[in-house]
>>> print(open('work_29.pdb').read())   # PDB, C-alpha atoms
ATOM      1  CA  MET A 292      -1.925   5.606  14.482  1.00  0.00           C
ATOM      2  CA  LYS A 293       0.022   8.781  15.324  1.00  0.00           C
ATOM      3  CA  GLN A 294       3.690   8.180  16.012  1.00  0.00           C
ATOM      4  CA  SER A 295       6.474  10.629  16.757  1.00  0.00           C
ATOM      5  CA  LEU A 296       8.896  11.319  13.947  1.00  0.00           C
ATOM      6  CA  LYS A 297      12.667  11.747  13.950  1.00  0.00           C
ATOM      7  CA  ARG A 298      14.299  14.041  11.414  1.00  0.00           C
ATOM      8  CA  VAL A 299      17.245  12.515   9.553  1.00  0.00           C
ATOM      9  CA  SER A 300      19.298  13.642   6.606  1.00  0.00           C
ATOM     10  CA  LEU A 301      19.189  11.419   3.554  1.00  0.00           C
ATOM     11  CA  MET A 302      21.063  11.842   0.313  1.00  0.00           C
ATOM     12  CA  ILE A 303      19.509  10.642  -2.935  1.00  0.00           C
ATOM     13  CA  ARG A 304      20.561  11.065  -6.540  1.00  0.00           C
ATOM     14  CA  GLU A 305      19.217  14.048  -8.469  1.00  0.00           C
ATOM     15  CA  ASP A 306      17.410  11.760 -10.944  1.00  0.00           C
ATOM     16  CA  GLN A 307      15.670  10.006  -8.036  1.00  0.00           C
ATOM     17  CA  HIS A 308      14.563  13.350  -6.615  1.00  0.00           C
ATOM     18  CA  LYS A 309      13.285  14.488 -10.022  1.00  0.00           C
ATOM     19  CA  THR A 310      11.319  11.267 -10.500  1.00  0.00           C
ATOM     20  CA  LEU A 311       9.694  11.597  -7.065  1.00  0.00           C
ATOM     21  CA  THR A 312       8.866  15.244  -7.720  1.00  0.00           C
ATOM     22  CA  ASP A 313       7.493  14.485 -11.199  1.00  0.00           C
ATOM     23  CA  LYS A 314       5.225  11.820  -9.692  1.00  0.00           C
ATOM     24  CA  GLY A 315       4.050  14.192  -6.947  1.00  0.00           C
ATOM     25  CA  LEU A 316       5.399  11.941  -4.203  1.00  0.00           C
ATOM     26  CA  ASN A 317       6.596  13.002  -0.782  1.00  0.00           C
ATOM     27  CA  ALA A 318      10.034  11.439  -0.197  1.00  0.00           C
ATOM     28  CA  SER A 319       9.679  11.262   3.591  1.00  0.00           C
ATOM     29  CA  GLY A 320       6.362   9.432   3.440  1.00  0.00           C
ATOM     30  CA  LEU A 321       7.606   7.084   0.748  1.00  0.00           C
ATOM     31  CA  PHE A 322      10.788   6.237   2.670  1.00  0.00           C
ATOM     32  CA  ARG A 323       8.839   5.619   5.892  1.00  0.00           C
ATOM     33  CA  ASP A 324       6.579   3.192   4.035  1.00  0.00           C
ATOM     34  CA  LEU A 325       9.522   1.409   2.415  1.00  0.00           C
ATOM     35  CA  LEU A 326      11.289   1.140   5.785  1.00  0.00           C
ATOM     36  CA  ASP A 327       8.150  -0.315   7.353  1.00  0.00           C
ATOM     37  CA  ASP A 328       8.042  -2.899   4.551  1.00  0.00           C
ATOM     38  CA  TYR A 329      11.725  -3.725   5.003  1.00  0.00           C
ATOM     39  CA  LEU A 330      11.519  -4.031   8.796  1.00  0.00           C
ATOM     40  CA  SER A 331       8.185  -5.858   8.986  1.00  0.00           C
ATOM     41  CA  GLU A 332       8.136  -9.469  10.122  1.00  0.00           C
ATOM     42  CA  TYR A 333       4.909 -10.106   8.183  1.00  0.00           C
ATOM     43  CA  LYS A 334       4.624  -9.138   4.515  1.00  0.00           C
ATOM     44  CA  ILE A 335       2.293  -9.621   1.590  1.00  0.00           C
ATOM     45  CA  THR A 336       3.452  -8.848  -1.925  1.00  0.00           C
ATOM     46  CA  ILE A 337       0.769  -8.372  -4.551  1.00  0.00           C
ATOM     47  CA  SER A 338       0.898  -7.394  -8.206  1.00  0.00           C
ATOM     48  CA  VAL A 339      -1.378  -4.515  -9.146  1.00  0.00           C
ATOM     49  CA  SER A 340      -2.060  -2.294 -12.140  1.00  0.00           C
ATOM     50  CA  GLN A 341      -0.062   0.882 -12.721  1.00  0.00           C
ATOM     51  CA  GLU A 342      -3.147   2.919 -11.776  1.00  0.00           C
ATOM     52  CA  THR A 343      -3.494   1.149  -8.409  1.00  0.00           C
ATOM     53  CA  LYS A 344       0.251   1.532  -7.723  1.00  0.00           C
ATOM     54  CA  ASP A 345       0.091   5.252  -8.515  1.00  0.00           C
ATOM     55  CA  ILE A 346      -2.914   5.737  -6.218  1.00  0.00           C
ATOM     56  CA  TYR A 347      -1.174   3.785  -3.430  1.00  0.00           C
ATOM     57  CA  ASP A 348       2.062   5.786  -3.775  1.00  0.00           C
ATOM     58  CA  THR A 349       0.217   9.100  -3.788  1.00  0.00           C
ATOM     59  CA  ILE A 350      -1.888   8.300  -0.727  1.00  0.00           C
ATOM     60  CA  ILE A 351       0.874   6.694   1.342  1.00  0.00           C
ATOM     61  CA  SER A 352       3.535   9.283   0.558  1.00  0.00           C
ATOM     62  CA  ASN A 353       1.357  12.380   0.943  1.00  0.00           C
ATOM     63  CA  THR A 354      -1.066  11.635   3.781  1.00  0.00           C
ATOM     64  CA  ALA A 355       1.205  10.303   6.535  1.00  0.00           C
ATOM     65  CA  SER A 356      -0.628   6.997   6.100  1.00  0.00           C
ATOM     66  CA  SER A 357       1.003   3.609   6.378  1.00  0.00           C
ATOM     67  CA  ASP A 358       0.341   0.015   5.432  1.00  0.00           C
ATOM     68  CA  GLU A 359      -0.935  -0.376   8.985  1.00  0.00           C
ATOM     69  CA  ASP A 360      -3.683   2.140   8.148  1.00  0.00           C
ATOM     70  CA  LEU A 361      -4.446   0.245   4.940  1.00  0.00           C
ATOM     71  CA  GLU A 362      -4.600  -3.181   6.590  1.00  0.00           C
ATOM     72  CA  LYS A 363      -8.181  -2.905   7.894  1.00  0.00           C
ATOM     73  CA  TYR A 364      -9.391  -2.081   4.363  1.00  0.00           C
ATOM     74  CA  LEU A 365      -7.407  -4.978   2.921  1.00  0.00           C
ATOM     75  CA  ARG A 366      -9.012  -7.372   5.425  1.00  0.00           C
ATOM     76  CA  ASP A 367     -12.480  -6.114   4.415  1.00  0.00           C
ATOM     77  CA  SER A 368     -11.611  -6.561   0.733  1.00  0.00           C
ATOM     78  CA  LEU A 369     -10.356 -10.102   1.315  1.00  0.00           C
ATOM     79  CA  LYS A 370     -13.568 -10.980   3.179  1.00  0.00           C
ATOM     80  CA  SER A 371     -15.608  -9.562   0.293  1.00  0.00           C
ATOM     81  CA  LEU A 372     -13.599 -11.578  -2.214  1.00  0.00           C
ATOM     82  CA  LEU A 373     -14.134 -14.759  -0.201  1.00  0.00           C
ATOM     83  CA  LYS A 374     -17.906 -14.121   0.017  1.00  0.00           C
ATOM     84  CA  GLU A 375     -18.036 -13.548  -3.744  1.00  0.00           C
ATOM     85  CA  LYS A 376     -16.211 -16.849  -4.373  1.00  0.00           C
ATOM     86  CA  ILE A 377     -18.454 -18.743  -1.921  1.00  0.00           C
ATOM     87  CA  ASP A 378     -21.570 -17.319  -3.599  1.00  0.00           C
ATOM     88  CA  TYR A 379     -20.179 -18.372  -6.992  1.00  0.00           C
ATOM     89  CA  MET A 380     -19.482 -21.899  -5.784  1.00  0.00           C
ATOM     90  CA  MET A 381     -22.969 -22.111  -4.226  1.00  0.00           C
ATOM     91  CA  ASP A 382     -24.485 -21.109  -7.581  1.00  0.00           C
ATOM     92  CA  ILE A 383     -22.499 -23.862  -9.289  1.00  0.00           C
ATOM     93  CA  HIS A 384     -23.646 -26.347  -6.656  1.00  0.00           C
ATOM     94  CA  LYS A 385     -27.310 -25.373  -7.111  1.00  0.00           C
ATOM     95  CA  SER A 386     -27.041 -25.823 -10.873  1.00  0.00           C
ATOM     96  CA  LEU A 387     -25.911 -29.450 -10.532  1.00  0.00           C
TER      97      LEU A 387
END
>>> encode(input="work_29.pdb", output="structure tokens")
Amino acid sequence: MKQSLKRVSLMIREDQHKTLTDKGLNASGLFRDLLDDYLSEYKITISVSQETKDIYDTIISNTASSDEDLEKYLRDSLKSLLKEKIDYMMDIHKSL
């Protein structure tokens, strides 16, 4: 979803800037995502591996994507997980 942007000035510490730069993250994209998380009425918090977190940060901060863009893929993944669990339980049932 394309939304208009507003330019604001934000001051961060030099070490924060260096860390973002070293990780190849775009500060504006990262801050927009964090603000969306903070302001959202509905949230999910999940623990992931470092690799998944790094991929998420890179995509969200550098592609003007948001959690809203990710949501449809998360729904599909949750449906796939549920189907996998149902199939597993059906296999257990058949073996009884």
>>> atom_distance(input="work_29.pdb", atom1="CA of Asp358 (chain A)", atom2="CA of Val339 (chain A)")
15.4 Å
>>> residues_near_point(input="work_29.pdb", point="(8.1, 3.5, 7.1)", cutoff="12 Å", atoms="only C-alpha atoms", output="VMD selection string")
chain A and resid 294 296 to 297 318 to 331 351 to 352 355 to 360
>>> resolve_selection(input="work_29.pdb", expression="the PyMOL selection byres ((chain A and resi 311-315) around 12)", output="list in words")
Ile303, Arg304, Glu305, Asp306, Gln307, His308, Lys309, Thr310, Leu316, Asn317, Ala318, Ser319, Gly320, Leu321, Phe322, Lys344, Asp345, Ile346, Asp348, Thr349, Ile350, Ile351, Ser352 and Asn353 of chain A
>>> atom_distance(input="work_29.pdb", atom1="CA of Ile335 (chain A)", atom2="CA of Leu365 (chain A)")
10.8 Å
>>> atom_distance(input="work_29.pdb", atom1="CA of Asp367 (chain A)", atom2="CA of Asp382 (chain A)")
22.6 Å
>>> build_atoms(input="work_29.pdb", residues="region 308-328 of chain A", atoms="N, CA and C atoms", output="compact mmCIF listing (two decimals), in the coordinates of the input")
# COMPACT_ATOMS: atom_id res chain seq x y z
N HIS A 308 15.34 12.22 -7.12
CA HIS A 308 14.56 13.35 -6.62
C HIS A 308 13.62 13.87 -7.70
N LYS A 309 14.11 14.01 -8.92
CA LYS A 309 13.28 14.49 -10.02
C LYS A 309 12.12 13.54 -10.27
N THR A 310 12.39 12.24 -10.27
CA THR A 310 11.32 11.27 -10.50
C THR A 310 10.25 11.36 -9.42
N LEU A 311 10.66 11.46 -8.16
CA LEU A 311 9.69 11.60 -7.06
C LEU A 311 8.87 12.87 -7.23
N THR A 312 9.55 13.96 -7.54
CA THR A 312 8.87 15.24 -7.72
C THR A 312 7.90 15.18 -8.89
N ASP A 313 8.35 14.60 -10.02
CA ASP A 313 7.49 14.48 -11.20
C ASP A 313 6.25 13.66 -10.91
N LYS A 314 6.37 12.67 -10.04
CA LYS A 314 5.22 11.82 -9.69
C LYS A 314 4.38 12.41 -8.57
N GLY A 315 4.80 13.55 -8.02
CA GLY A 315 4.05 14.19 -6.95
C GLY A 315 4.14 13.45 -5.63
N LEU A 316 5.25 12.73 -5.42
CA LEU A 316 5.40 11.94 -4.20
C LEU A 316 6.22 12.68 -3.16
N ASN A 317 5.87 12.45 -1.91
CA ASN A 317 6.60 13.00 -0.78
C ASN A 317 7.66 11.99 -0.37
N ALA A 318 8.93 12.37 -0.46
CA ALA A 318 10.03 11.44 -0.20
C ALA A 318 9.97 10.89 1.23
N SER A 319 9.70 11.73 2.20
CA SER A 319 9.68 11.26 3.59
C SER A 319 8.63 10.18 3.80
N GLY A 320 7.43 10.43 3.30
CA GLY A 320 6.36 9.43 3.44
C GLY A 320 6.69 8.14 2.72
N LEU A 321 7.24 8.27 1.52
CA LEU A 321 7.61 7.08 0.75
C LEU A 321 8.69 6.28 1.46
N PHE A 322 9.70 6.94 1.97
CA PHE A 322 10.79 6.24 2.67
C PHE A 322 10.29 5.57 3.95
N ARG A 323 9.40 6.24 4.68
CA ARG A 323 8.84 5.62 5.89
C ARG A 323 8.10 4.33 5.54
N ASP A 324 7.31 4.38 4.46
CA ASP A 324 6.58 3.19 4.04
C ASP A 324 7.53 2.08 3.61
N LEU A 325 8.55 2.42 2.85
CA LEU A 325 9.52 1.41 2.42
C LEU A 325 10.28 0.82 3.60
N LEU A 326 10.61 1.65 4.58
CA LEU A 326 11.29 1.14 5.78
C LEU A 326 10.37 0.21 6.57
N ASP A 327 9.10 0.58 6.68
CA ASP A 327 8.15 -0.32 7.35
C ASP A 327 8.09 -1.67 6.65
N ASP A 328 8.05 -1.65 5.32
CA ASP A 328 8.04 -2.90 4.55
C ASP A 328 9.31 -3.71 4.82
